[in-house]
Amino acid sequence: MNIQVFKDPRLPFIELRYLKTIPECTKMHLHDEVTITAIEEGKLNIIFSEENYLLPPNEIMIINQNISHCATLSQINSKGCFVLYLDTIYLKHLGLEFKPAFEVQTQNNFIKLCQILLSKQHTLIEKQEETVTFCMQSFTQCNSTNSEENIDKTVLQIKAYLDEHYLEDIDLQTISKHFAITEVHCIRLFKNKFGIPVHSYVLNKRVHHAKALLNKNIPIVEVALQSGFFDQSHLNRSFKRIFQMTPKQFQKNLLS
């Protein structure tokens, strides 16, 4: 598809555009949000008021809010441009900040994040967690006010919450708000304790729930819907990653 846009009212702080064919943008302009740009092939010439930069595929350009810029193609075969807009208020909410006018960084899984956001096969909580993880890697941490006390208690409470709500369409903001911590803190606590991200834990719980239903000879399509998956193909992929077989293979080979 030549143009794709991700904009979800449940994630109002982020917007993503993907353009396979890149039109030149010669008029200087600015945005209220932090803008992050990457290109798949060729080079993009990003122009600021006093300098310009040739952006290759292995780098991203982060431009702060209200910094005027435009972009032109430096190679005729340049294609595949991702442009992500990130609300600065949300960054502050995460305890993160971006002070430079603009900055070049290594690609740092940015395109992977964009592909996840544009995909219909990833859950809301996975999109949130990938976004926050990218922000943690790319932006500066403000002075943290989080106490190190009761960390173990908090992370066990988070796990208990997930164990109770994993079949629901839960999201990172709701979890973090419930425990009065930031999304960044929630992700770090959980990953440090259990070794996997929050969304992976939820997916793991859903797969095991599906396995229990398969034991009851419930049709696979129904199992997928009852286990929090989008459809049977979503269940198939997730189930195979954990059990190295499809739900159909598992159910077919059950010993009665």
# chains A, B, ... in the order shown; residues from 1 in each chain; ligands from 1
call {"tool": "closest_atom_pairs", "arguments": {"of": "region 14-89 of chain A", "to": "region 117-123 of chain A", "cutoff": "12 Å", "atoms": "only C-alpha atoms", "output": "JSON lines"}}
result
{"residue": "A:Ile14", "atom": "CA", "partner": "A:Leu117", "partner_atom": "CA", "distance": 9.9}
{"residue": "A:Glu15", "atom": "CA", "partner": "A:Leu117", "partner_atom": "CA", "distance": 9.3}
{"residue": "A:Leu16", "atom": "CA", "partner": "A:Leu117", "partner_atom": "CA", "distance": 7.9}
{"residue": "A:Arg17", "atom": "CA", "partner": "A:Leu118", "partner_atom": "CA", "distance": 9.0}
{"residue": "A:Tyr18", "atom": "CA", "partner": "A:Leu118", "partner_atom": "CA", "distance": 8.7}
{"residue": "A:Phe82", "atom": "CA", "partner": "A:Leu118", "partner_atom": "CA", "distance": 10.7}
{"residue": "A:Leu84", "atom": "CA", "partner": "A:Leu117", "partner_atom": "CA", "distance": 10.3}
call {"tool": "write_last_selection", "arguments": {"atoms": "N, CA and C atoms", "output": "short mmCIF file (atom, residue, chain, number, x, y, z; two decimals), in the first residue's frame"}}
result
data_model
loop_
_atom_site.label_atom_id
_atom_site.label_comp_id
_atom_site.auth_asym_id
_atom_site.auth_seq_id
_atom_site.Cartn_x
_atom_site.Cartn_y
_atom_site.Cartn_z
N ILE A 14 0.03 9.71 19.88
CA ILE A 14 0.92 9.27 18.80
C ILE A 14 0.18 9.19 17.48
N GLU A 15 0.87 9.56 16.41
CA GLU A 15 0.33 9.43 15.06
C GLU A 15 1.47 9.02 14.13
N LEU A 16 1.17 8.13 13.20
CA LEU A 16 2.20 7.62 12.30
C LEU A 16 1.71 7.65 10.86
N ARG A 17 2.58 8.11 9.97
CA ARG A 17 2.31 8.06 8.53
C ARG A 17 3.42 7.26 7.84
N TYR A 18 3.01 6.44 6.89
CA TYR A 18 3.98 5.73 6.05
C TYR A 18 3.67 6.03 4.59
N PHE A 82 8.82 6.75 6.96
CA PHE A 82 8.00 6.71 8.16
C PHE A 82 8.12 8.05 8.88
N LEU A 84 6.65 9.76 12.41
CA LEU A 84 5.90 9.56 13.64
C LEU A 84 5.85 10.87 14.43
#
call {"tool": "closest_atom_pairs", "arguments": {"of": "region 110-191 of chain A", "to": "region 54-67 of chain A", "cutoff": "10 Å", "atoms": "only C-alpha atoms", "output": "tab-separated table"}}
result
residue	atom	partner	partner_atom	distance
A:Phe110	CA	A:Ile60	CA	7.7
A:Ile111	CA	A:Ile60	CA	9.3
A:Ser138	CA	A:Ile62	CA	9.1
A:Phe139	CA	A:Ile62	CA	9.8
call {"tool": "write_last_selection", "arguments": {"atoms": "N, CA and C atoms", "output": "JSON list (two decimals), in the first residue's frame"}}
result
[["chain", "number", "residue", "atom", "x", "y", "z"],
["A", 110, "PHE", "N", 13.24, 1.57, 15.36],
["A", 110, "PHE", "CA", 12.15, 2.50, 15.05],
["A", 110, "PHE", "C", 11.22, 1.93, 13.98],
["A", 111, "ILE", "N", 11.80, 1.37, 12.91],
["A", 111, "ILE", "CA", 10.96, 0.83, 11.84],
["A", 111, "ILE", "C", 10.16, -0.37, 12.34],
["A", 138, "SER", "N", 15.31, 6.32, 23.38],
["A", 138, "SER", "CA", 15.63, 7.45, 22.52],
["A", 138, "SER", "C", 15.64, 8.80, 23.22],
["A", 139, "PHE", "N", 15.00, 8.90, 24.37],
["A", 139, "PHE", "CA", 14.90, 10.19, 25.05],
["A", 139, "PHE", "C", 15.55, 10.16, 26.43]]
call {"tool": "closest_residue", "arguments": {"among": "A:Val202, A:Leu86, A:Val5, A:Met245", "to": "Gln115 (chain A)", "atoms": "only C-alpha atoms"}}
result
A:Val5
call {"tool": "closest_atom_pairs", "arguments": {"of": "region 13-50 of chain A", "to": "region 70-76 of chain A", "cutoff": "6 Å", "atoms": "only C-alpha atoms", "output": "Markdown table"}}
result
| residue | atom | partner | partner_atom | distance |
| --- | --- | --- | --- | --- |
| A:Glu24 | CA | A:Thr72 | CA | 4.9 |
| A:Cys25 | CA | A:Ala71 | CA | 5.1 |
| A:Thr26 | CA | A:Cys70 | CA | 5.6 |
| A:Lys27 | CA | A:Cys70 | CA | 6.0 |
| A:Met28 | CA | A:Cys70 | CA | 4.9 |
| A:Gly42 | CA | A:Gln75 | CA | 5.9 |
| A:Lys43 | CA | A:Ser74 | CA | 5.7 |
| A:Leu44 | CA | A:Leu73 | CA | 5.0 |
| A:Asn45 | CA | A:Thr72 | CA | 5.1 |
| A:Ile46 | CA | A:Ala71 | CA | 4.4 |
| A:Ile47 | CA | A:Cys70 | CA | 5.2 |
call {"tool": "residues_around", "arguments": {"residues": "His93 (chain A)", "least_positions_apart": "3", "cutoff": "12 Å", "atoms": "only C-alpha atoms", "output": "list in words"}}
result
Phe13, Asp87, Thr88, Ile89, Tyr90, Leu96, Glu97, Val132, Cys135, Gln141, Cys142, Ser144, Gln173, Ser176, Lys177, Ala180, Ile181, Thr182, Glu183, Val184 and His185 of chain A
call {"tool": "closest_residue", "arguments": {"among": "A:Met136, A:Leu30, A:Leu11, A:Leu189", "to": "Asp171 (chain A)", "atoms": "only C-alpha atoms"}}
result
A:Leu11
call {"tool": "closest_residue", "arguments": {"among": "A:Val155, A:Ile220, A:Ile125, A:Ile187", "to": "Leu94 (chain A)", "atoms": "only C-alpha atoms"}}
result
A:Ile187
call {"tool": "residues_around", "arguments": {"residues": "Lys216 (chain A)", "least_positions_apart": "4", "cutoff": "12 Å", "atoms": "only C-alpha atoms", "output": "CSV table (one decimal) with N, CA and C atoms, in the first residue's frame"}}
result
chain,number,residue,atom,x,y,z
A,209,HIS,N,-4.4,-20.3,28.2
A,209,HIS,CA,-5.9,-20.4,28.4
A,209,HIS,C,-6.5,-21.1,27.2
A,210,ALA,N,-6.0,-20.8,26.0
A,210,ALA,CA,-6.4,-21.4,24.8
A,210,ALA,C,-6.1,-22.9,24.8
A,211,LYS,N,-4.9,-23.3,25.3
A,211,LYS,CA,-4.5,-24.7,25.4
A,211,LYS,C,-5.5,-25.5,26.3
A,212,ALA,N,-5.9,-24.8,27.4
A,212,ALA,CA,-6.9,-25.5,28.3
A,212,ALA,C,-8.2,-25.7,27.6
A,220,ILE,N,-11.6,-24.6,17.3
A,220,ILE,CA,-10.4,-23.6,17.4
A,220,ILE,C,-10.8,-22.2,17.1
A,222,GLU,N,-13.6,-20.8,18.0
A,222,GLU,CA,-14.2,-20.4,19.2
A,222,GLU,C,-13.2,-20.2,20.3
A,223,VAL,N,-12.2,-21.1,20.3
A,223,VAL,CA,-11.1,-21.0,21.3
A,223,VAL,C,-10.4,-19.6,21.1
A,250,PHE,N,-2.2,-29.8,18.0
A,250,PHE,CA,-2.3,-30.2,19.4
A,250,PHE,C,-3.6,-30.9,19.7
A,251,GLN,N,-4.7,-30.3,19.2
A,251,GLN,CA,-6.0,-30.9,19.5
A,251,GLN,C,-6.1,-32.3,18.8
A,252,LYS,N,-5.6,-32.4,17.6
A,252,LYS,CA,-5.7,-33.7,16.8
A,252,LYS,C,-5.0,-34.8,17.5
A,254,LEU,N,-4.3,-35.2,20.8
A,254,LEU,CA,-4.7,-35.4,22.2
A,254,LEU,C,-5.0,-36.9,22.4
A,255,LEU,N,-4.4,-37.4,23.5
A,255,LEU,CA,-4.8,-38.8,23.8
A,255,LEU,C,-6.1,-38.8,24.6
A,256,SER,N,-7.0,-39.6,24.1
A,256,SER,CA,-8.3,-39.6,24.8
A,256,SER,C,-8.4,-40.7,25.8
